[in-house]
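Undergrad: My questions all concern the structure below.
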Amino acid sequence: MRAHLLNNATAEHYRTTVSAGVERVAATLAATERPFSGVGVDELSPVVDAIDLDRPLGDAAAALDELGEVYLRDAVYFHRPRYLGHLNCPVVIPAVLGEAVLSAVNSSLDTWDQSAGGTLIERRLIDWTTERIGLGPAADGIFTSGGTQSNLQALLLAREEAKVRPEHFTRLRILTSECSHFSVQKSAKLLGLGPDAVISVPVDRDKRMRTLALARALEQCVAEGAVPMAVVATAGTTDFGSIDPLPEIAALCEQFAVWMHVDAAYGCGLLASRERGGLLDGIAHADSVTVDYHKSFFQPVSSSAVLVRDRAVLRHATYHAEYLNPRRTVEERIPNQVDKSLQTTRRFDALKLWMTLRVMGADGIGELFDQVCDLAAEGWRLLAADPRFDVVVEPRLSTLVFRHIPSGVTAPDEIDRANLYARKALFASGEAIVAGTRVGDRQYLKFTLLNPETTVDDIAAVLDLIAGHAEQYLGDTLDRAS
């Protein structure tokens with residue numbers, strides 16, 4: 001069994017085994033023409049359940065053959081141009097190279113004596129990002145598993161900075177757009193706040209937070225004896241890609257002495273954009289910011305960070321253990337990243353972004369993100385001119401929310417069912433993948449465009465497929481009713 005351990009004696013075995021895996025994946029990518037095979041849960045589950053995990057195959061080639069049957073053949077491939085579903089991006093090759101290196105070396109980024117140079121690379125990337133945001137010389141941060149964890153940590157810091165005793169946590173309030181990410185509500189629950197802690201602020205026609213409504217909500221909080229703990233602004237909402245008016249929100253946060261958090265998990269790609277960076281004006285006033293490099297920096301999951309204006313606030317996440325990061329290491333100026341993190345053992349995810357910047361540069365990332373934003377603008381014009389569809393908002397980033405309006409059908413519930421059916425039928429066909437959401441009480445579809453290889457022709461073809469499936473559903477419904 002020691003032959004399977006990666007060390008100096010097995011380096012050649014590592015080389016040949018991993019190379020075989022890379023060859024298998026490369027061959028699969030080259031041969032895969034659709035984003036999905038269309039396999040169903042009932043079809044694939046018995047195949048996976050039938051595998052006896054207590055009887056190893058003993059051979060990597062055999063395991064790869066099996067993997068092809070249970071995973072690679074039926075995986076959802078974000079790199080295909082007709083994957084238009086969730087906030088998943090195709091990944092750049094330098095980042096995949098970084099993933100291979102960090103997995104093999106297996107550094108843990110919690111303490112200096114487990115990572116050495118890895119710690120310094122992560123810290124340099126945090127500094128690079130805070131400089132791009134404009135948070136100032138006292139800024140700092142930490143890599144996280146994703147936007148949900150980043151938002152949780154930011155709101156933990158905001159709660160502690162509010163200086164309210166635990167028995168009064170029910171008085172704390174978080175104000176955020178009605179279009180913000182669900183992790184705000186989840187964070188409030190995890191932080192022990194009351195059931196009414198999150199105040200949903202209405203949005204305008206472009207799905208941006210109404211600052212007048214925010215001002216009134218803040219005034220009402222104060223009048224009722226509640227404590228505004230944080231305002232969460234969103235720079236790139238999940239459904240619409242909308243960007244809240246950050247300068248106006250920053251002014252209100254300063255007026256009411258409230259922590260300003262910006263969830264830029266999606267919109268962080270603008271930090272590398274030469275054309276659209278101005279869309280983030282005002283973000284430099286934030287007390288904390290969430291960024292997801294694995295959304296708009298084309299990085300493999302996971303690659304995220306939470307950034308703060310004042311590094312001193314990270315002390316609220318600090319605990320010292322004698323076996324790991326004793327207090328004396330602070331005096332000795334040993335850079336233990338666990339002092340800033342909610343996690344202890346933590347992957348060297350920063351290496352992927354480091355390799356990407358060293359090979360492609362920030363302008364290369366920004367160019368790719370600008371391309372998908374340009375594509376969304378073209379897609380919006382296509383939808384706006386097509387009488388078969390209703391499109392909700394002109395995009396600021398790369399998301400389009402729309403629904404098919406079948407000719408001759410006026411019942412809203414029937415239109416909802418037709419759109420739901422079209423999405424499911426499209427997924428089952430494997431020809432394309434789109435997402436879905438609700439706007440008000442109605443069912444809509446969503447294109448999340450994060451692949452620069454996607455074209456307007458791809459969008460047009462998928463729209464035709466959606467219309468075809470919806471019309472087929474309605475035709476079958478009429479046939480059954482007759």
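Chain labels A, B, ... are given in the sequence in which chains occur in the structure tokens; within each chain residues are numbered consecutively from 1, and ligands are likewise numbered from 1 in the order shown.
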Please build the interface table for region 139-167 of chain A against region 180-184 of chain A with a cut-off of 10 Å, listing for each qualifying residue the nearest atom pair and the distance in Å to one decimal; count only C-alpha atoms, order rows by chain and increasing number, and write it as JSON lines.
TA:
{"residue": "A:Gly147", "atom": "CA", "partner": "A:Ser183", "partner_atom": "CA", "distance": 8.2}
{"residue": "A:Thr148", "atom": "CA", "partner": "A:Ser183", "partner_atom": "CA", "distance": 5.4}
{"residue": "A:Gln149", "atom": "CA", "partner": "A:Ser183", "partner_atom": "CA", "distance": 8.4}
{"residue": "A:Ser150", "atom": "CA", "partner": "A:Ser183", "partner_atom": "CA", "distance": 9.6}
{"residue": "A:Asn151", "atom": "CA", "partner": "A:Val184", "partner_atom": "CA", "distance": 6.9}
{"residue": "A:Leu152", "atom": "CA", "partner": "A:Val184", "partner_atom": "CA", "distance": 7.5}
{"residue": "A:Leu155", "atom": "CA", "partner": "A:Val184", "partner_atom": "CA", "distance": 8.3}
Undergrad: Determine which residues of region 16-116 of chain A receive a DSSP assignment of helix (DSSP H, G or I), computed from the backbone, and state them as a ChimeraX atom specification.
TA: /A:16-31,41-49,60-70,72-74,93-105,112-115
Undergrad: Enumerate the residues of region 245-379 of chain A with a DSSP assignment of strand (DSSP E or B), computed from the backbone, and present them as a list in words.
TA: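 Everything in region 245-379 of chain A that counts as strand (DSSP E or B) is Trp259, Met260, His261, Val262, Asp263, Ala264, Ser288, Val289, Thr290, Val291, Asp292, Ser304, Ala305, Val306, Leu307 and Val308 of chain A.
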Undergrad: Got time to write the residues from that selection, N, CA, C and O atoms, as a CSV table (one decimal), in the first residue's frame?
TA:
chain,number,residue,atom,x,y,z
A,259,TRP,N,-22.0,49.5,9.3
A,259,TRP,CA,-21.0,48.8,8.5
A,259,TRP,C,-21.6,48.6,7.1
A,259,TRP,O,-22.7,48.2,6.9
A,260,MET,N,-20.7,48.8,6.1
A,260,MET,CA,-21.1,48.6,4.7
A,260,MET,C,-20.3,47.4,4.1
A,260,MET,O,-19.1,47.4,4.1
A,261,HIS,N,-21.1,46.4,3.7
A,261,HIS,CA,-20.5,45.2,3.1
A,261,HIS,C,-21.0,45.2,1.7
A,261,HIS,O,-22.2,45.4,1.4
A,262,VAL,N,-20.1,44.9,0.8
A,262,VAL,CA,-20.4,44.7,-0.7
A,262,VAL,C,-20.2,43.3,-1.1
A,262,VAL,O,-19.1,42.8,-1.0
A,263,ASP,N,-21.3,42.6,-1.5
A,263,ASP,CA,-21.2,41.3,-2.0
A,263,ASP,C,-20.9,41.4,-3.5
A,263,ASP,O,-21.8,41.6,-4.3
A,264,ALA,N,-19.6,41.3,-3.9
A,264,ALA,CA,-19.2,41.4,-5.3
A,264,ALA,C,-18.7,40.1,-5.8
A,264,ALA,O,-17.8,40.0,-6.6
A,288,SER,N,-16.2,45.9,4.1
A,288,SER,CA,-15.8,44.6,3.8
A,288,SER,C,-16.4,44.3,2.4
A,288,SER,O,-17.4,44.9,2.0
A,289,VAL,N,-15.7,43.4,1.7
A,289,VAL,CA,-16.1,43.0,0.3
A,289,VAL,C,-15.9,41.5,0.1
A,289,VAL,O,-14.9,40.9,0.6
A,290,THR,N,-16.9,40.9,-0.5
A,290,THR,CA,-16.8,39.5,-1.0
A,290,THR,C,-16.4,39.5,-2.4
A,290,THR,O,-17.0,40.2,-3.3
A,291,VAL,N,-15.5,38.6,-2.8
A,291,VAL,CA,-15.1,38.4,-4.2
A,291,VAL,C,-15.1,36.9,-4.4
A,291,VAL,O,-14.6,36.1,-3.6
A,292,ASP,N,-15.6,36.5,-5.6
A,292,ASP,CA,-15.5,35.0,-6.0
A,292,ASP,C,-14.7,35.0,-7.3
A,292,ASP,O,-15.3,35.2,-8.3
A,304,SER,N,-12.2,32.1,-3.5
A,304,SER,CA,-13.0,33.2,-3.0
A,304,SER,C,-12.2,34.0,-2.0
A,304,SER,O,-11.2,33.4,-1.4
A,305,ALA,N,-12.7,35.2,-1.6
A,305,ALA,CA,-12.0,35.9,-0.5
A,305,ALA,C,-12.9,36.9,0.1
A,305,ALA,O,-13.9,37.3,-0.5
A,306,VAL,N,-12.7,37.2,1.4
A,306,VAL,CA,-13.4,38.3,2.0
A,306,VAL,C,-12.3,39.3,2.4
A,306,VAL,O,-11.2,39.0,2.9
A,307,LEU,N,-12.5,40.6,2.0
A,307,LEU,CA,-11.6,41.7,2.2
A,307,LEU,C,-12.2,42.7,3.2
A,307,LEU,O,-13.4,42.9,3.2
A,308,VAL,N,-11.3,43.3,4.0
A,308,VAL,CA,-11.8,44.3,5.0
A,308,VAL,C,-10.9,45.6,4.9
A,308,VAL,O,-9.7,45.5,4.5
Undergrad: Residues near Phe143 (chain A), anyone? I mean within 12 Å using only C-alpha atoms, not counting same-chain ones fewer than 3 positions away, as number ranges by chain.
TA: A: 109-110, 118-119, 121-127, 129, 140, 146-147, 149-150, 153, 289-294, 302-308, 337-338, 340-344, 346-353
Undergrad: Rounded to one decimal in Å, what is the spacing between CA of Pro452 (chain A) and CA of Asp239 (chain A)?
TA: 19.4 Å
Undergrad: What's around region 70-79 of chain A at 12 Å? Count only C-alpha atoms, leave out sequence neighbours fewer than 6 positions away in its own chain, and write the answer as a PyMOL selection string.
TA: chain A and resi 21+24-41+43-51+63-64+85-93+295+298+300+427-428+430-434+448-454
Undergrad: Nearest residue to Leu6 (chain A) out of A:Arg358, A:Leu279, A:Leu172, A:Ala104, using only C-alpha atoms?
TA: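 Among the listed residues, A:Ala104 lies closest to Leu6 (chain A).
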Undergrad: Calculated over only C-alpha atoms, which of the candidates A:Leu280, A:Leu84, A:Val198, A:Leu270 has the smallest distance to Gly379 (chain A)?
TA: A:Leu84
Undergrad: Give me the residues near Tyr421 (chain A) as number ranges by chain, where near means some atom within 8 Å (using only C-alpha atoms) and where sequence neighbours in that chain fewer than 4 positions away do not count.
TA: A: 417, 425, 469-470, 473
Undergrad: Okay, now the selection with N, CA and C atoms, as a compact mmCIF listing (two decimals), in the first residue's frame?
TA:
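Wrote it out as selection_25.txt, contents follow:
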# COMPACT_ATOMS: atom_id res chain seq x y z
N ARG A 417 -46.08 27.22 -16.46
CA ARG A 417 -45.86 25.77 -16.64
C ARG A 417 -45.13 25.49 -17.94
N ALA A 425 -37.18 20.06 -20.19
CA ALA A 425 -37.02 19.30 -21.43
C ALA A 425 -35.67 19.60 -22.08
N HIS A 469 -39.89 23.64 -27.21
CA HIS A 469 -40.32 22.80 -26.09
C HIS A 469 -41.59 23.35 -25.44
N ALA A 470 -41.65 24.68 -25.28
CA ALA A 470 -42.83 25.29 -24.66
C ALA A 470 -44.07 25.07 -25.51
N TYR A 473 -45.23 21.49 -25.26
CA TYR A 473 -45.95 21.26 -24.00
C TYR A 473 -47.38 21.73 -24.11
Undergrad: List as a ChimeraX atom specification the protein and nucleic acid residues near Arg210 (chain A), meaning an atom at most 12 Å away when only C-alpha atoms are counted, but skip any in the same chain fewer than 3 places from it.
TA: /A:175-179,200-207,213-217,233,243-246,248-249,252
Undergrad: Keeping only N, CA, C and O atoms, write the selected residues as an mmCIF file, in the first residue's frame.
TA:
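After the write, again-v8.cif holds the following:
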data_model
loop_
_atom_site.group_PDB
_atom_site.id
_atom_site.type_symbol
_atom_site.label_atom_id
_atom_site.label_comp_id
_atom_site.auth_asym_id
_atom_site.auth_seq_id
_atom_site.Cartn_x
_atom_site.Cartn_y
_atom_site.Cartn_z
ATOM 1 N N LEU A 175 -29.676 45.243 6.553
ATOM 2 C CA LEU A 175 -30.502 45.763 5.470
ATOM 3 C C LEU A 175 -29.861 45.396 4.140
ATOM 4 O O LEU A 175 -28.665 45.628 3.925
ATOM 5 N N THR A 176 -30.659 44.830 3.262
ATOM 6 C CA THR A 176 -30.115 44.365 1.979
ATOM 7 C C THR A 176 -31.204 44.364 0.923
ATOM 8 O O THR A 176 -32.405 44.311 1.240
ATOM 9 N N SER A 177 -30.816 44.408 -0.310
ATOM 10 C CA SER A 177 -31.755 44.406 -1.433
ATOM 11 C C SER A 177 -32.598 43.140 -1.463
ATOM 12 O O SER A 177 -32.143 42.058 -1.082
ATOM 13 N N GLU A 178 -33.818 43.269 -1.937
ATOM 14 C CA GLU A 178 -34.675 42.097 -2.088
ATOM 15 C C GLU A 178 -34.122 41.125 -3.130
ATOM 16 O O GLU A 178 -34.566 39.975 -3.205
ATOM 17 N N CYS A 179 -33.136 41.562 -3.904
ATOM 18 C CA CYS A 179 -32.513 40.695 -4.912
ATOM 19 C C CYS A 179 -31.156 40.159 -4.458
ATOM 20 O O CYS A 179 -30.440 39.546 -5.248
ATOM 21 N N SER A 200 -35.561 43.489 4.042
ATOM 22 C CA SER A 200 -35.467 43.466 2.588
ATOM 23 C C SER A 200 -35.843 44.835 2.025
ATOM 24 O O SER A 200 -36.960 45.319 2.227
ATOM 25 N N VAL A 201 -34.909 45.451 1.322
ATOM 26 C CA VAL A 201 -35.117 46.792 0.776
ATOM 27 C C VAL A 201 -35.580 46.672 -0.677
ATOM 28 O O VAL A 201 -34.968 45.942 -1.469
ATOM 29 N N PRO A 202 -36.655 47.367 -1.052
ATOM 30 C CA PRO A 202 -37.157 47.281 -2.429
ATOM 31 C C PRO A 202 -36.124 47.735 -3.462
ATOM 32 O O PRO A 202 -35.192 48.478 -3.156
ATOM 33 N N VAL A 203 -36.338 47.273 -4.700
ATOM 34 C CA VAL A 203 -35.443 47.610 -5.809
ATOM 35 C C VAL A 203 -36.201 48.409 -6.858
ATOM 36 O O VAL A 203 -37.436 48.426 -6.890
ATOM 37 N N ASP A 204 -35.441 49.066 -7.731
ATOM 38 C CA ASP A 204 -36.055 49.826 -8.815
ATOM 39 C C ASP A 204 -36.273 48.933 -10.031
ATOM 40 O O ASP A 204 -36.084 47.715 -9.978
ATOM 41 N N ARG A 205 -36.645 49.511 -11.136
ATOM 42 C CA ARG A 205 -36.961 48.734 -12.337
ATOM 43 C C ARG A 205 -35.739 48.005 -12.883
ATOM 44 O O ARG A 205 -35.871 47.017 -13.597
ATOM 45 N N ASP A 206 -34.539 48.481 -12.530
ATOM 46 C CA ASP A 206 -33.307 47.821 -12.960
ATOM 47 C C ASP A 206 -32.782 46.838 -11.919
ATOM 48 O O ASP A 206 -31.650 46.374 -12.013
ATOM 49 N N LYS A 207 -33.625 46.546 -10.898
ATOM 50 C CA LYS A 207 -33.303 45.583 -9.835
ATOM 51 C C LYS A 207 -32.132 46.053 -8.969
ATOM 52 O O LYS A 207 -31.364 45.246 -8.454
ATOM 53 N N ALA A 213 -35.599 54.154 -0.183
ATOM 54 C CA ALA A 213 -36.198 53.125 0.669
ATOM 55 C C ALA A 213 -35.212 52.676 1.746
ATOM 56 O O ALA A 213 -35.609 52.400 2.891
ATOM 57 N N LEU A 214 -33.932 52.604 1.395
ATOM 58 C CA LEU A 214 -32.915 52.243 2.389
ATOM 59 C C LEU A 214 -32.849 53.307 3.483
ATOM 60 O O LEU A 214 -32.794 52.970 4.683
ATOM 61 N N ALA A 215 -32.861 54.565 3.103
ATOM 62 C CA ALA A 215 -32.803 55.645 4.095
ATOM 63 C C ALA A 215 -33.991 55.566 5.046
ATOM 64 O O ALA A 215 -33.844 55.715 6.273
ATOM 65 N N ARG A 216 -35.179 55.331 4.489
ATOM 66 C CA ARG A 216 -36.371 55.225 5.337
ATOM 67 C C ARG A 216 -36.280 54.027 6.272
ATOM 68 O O ARG A 216 -36.685 54.109 7.442
ATOM 69 N N ALA A 217 -35.745 52.906 5.764
ATOM 70 C CA ALA A 217 -35.611 51.713 6.604
ATOM 71 C C ALA A 217 -34.623 51.942 7.737
ATOM 72 O O ALA A 217 -34.845 51.492 8.866
ATOM 73 N N ALA A 233 -24.754 45.696 0.285
ATOM 74 C CA ALA A 233 -24.984 46.081 -1.105
ATOM 75 C C ALA A 233 -24.475 44.960 -2.008
ATOM 76 O O ALA A 233 -23.561 44.226 -1.640
ATOM 77 N N ILE A 243 -26.215 45.997 -10.136
ATOM 78 C CA ILE A 243 -25.237 46.584 -9.217
ATOM 79 C C ILE A 243 -25.915 47.709 -8.455
ATOM 80 O O ILE A 243 -26.379 48.685 -9.042
ATOM 81 N N ASP A 244 -26.004 47.553 -7.158
ATOM 82 C CA ASP A 244 -26.642 48.570 -6.333
ATOM 83 C C ASP A 244 -25.872 49.889 -6.421
ATOM 84 O O ASP A 244 -24.661 49.893 -6.687
ATOM 85 N N PRO A 245 -26.542 51.020 -6.177
ATOM 86 C CA PRO A 245 -25.871 52.339 -6.237
ATOM 87 C C PRO A 245 -24.899 52.513 -5.072
ATOM 88 O O PRO A 245 -25.251 53.033 -4.010
ATOM 89 N N LEU A 246 -23.682 52.081 -5.254
ATOM 90 C CA LEU A 246 -22.714 51.997 -4.161
ATOM 91 C C LEU A 246 -22.355 53.350 -3.553
ATOM 92 O O LEU A 246 -22.258 53.454 -2.318
ATOM 93 N N GLU A 248 -24.147 56.104 -3.197
ATOM 94 C CA GLU A 248 -25.253 56.581 -2.374
ATOM 95 C C GLU A 248 -25.413 55.730 -1.123
ATOM 96 O O GLU A 248 -25.696 56.241 -0.026
ATOM 97 N N ILE A 249 -25.232 54.416 -1.268
ATOM 98 C CA ILE A 249 -25.322 53.528 -0.106
ATOM 99 C C ILE A 249 -24.199 53.829 0.876
ATOM 100 O O ILE A 249 -24.397 53.845 2.096
ATOM 101 N N LEU A 252 -25.070 56.822 2.981
ATOM 102 C CA LEU A 252 -26.045 56.508 4.024
ATOM 103 C C LEU A 252 -25.399 55.721 5.162
ATOM 104 O O LEU A 252 -25.711 55.944 6.340
#
Undergrad: If you count only C-alpha atoms, which residues fall within 12 Å of Ala61 (chain A), apart from same-chain ones fewer than 4 positions away, as a PyMOL selection string?
TA: chain A and resi 16-24+57+65-68
Undergrad: Which residue out of A:Arg442, A:Arg396, A:Arg82, A:Lys189 has the minimum interatomic distance to Ala235 (chain A) when only C-alpha atoms are used?
TA: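 Using only C-alpha atoms, the shortest distance to Ala235 (chain A) belongs to A:Arg396.
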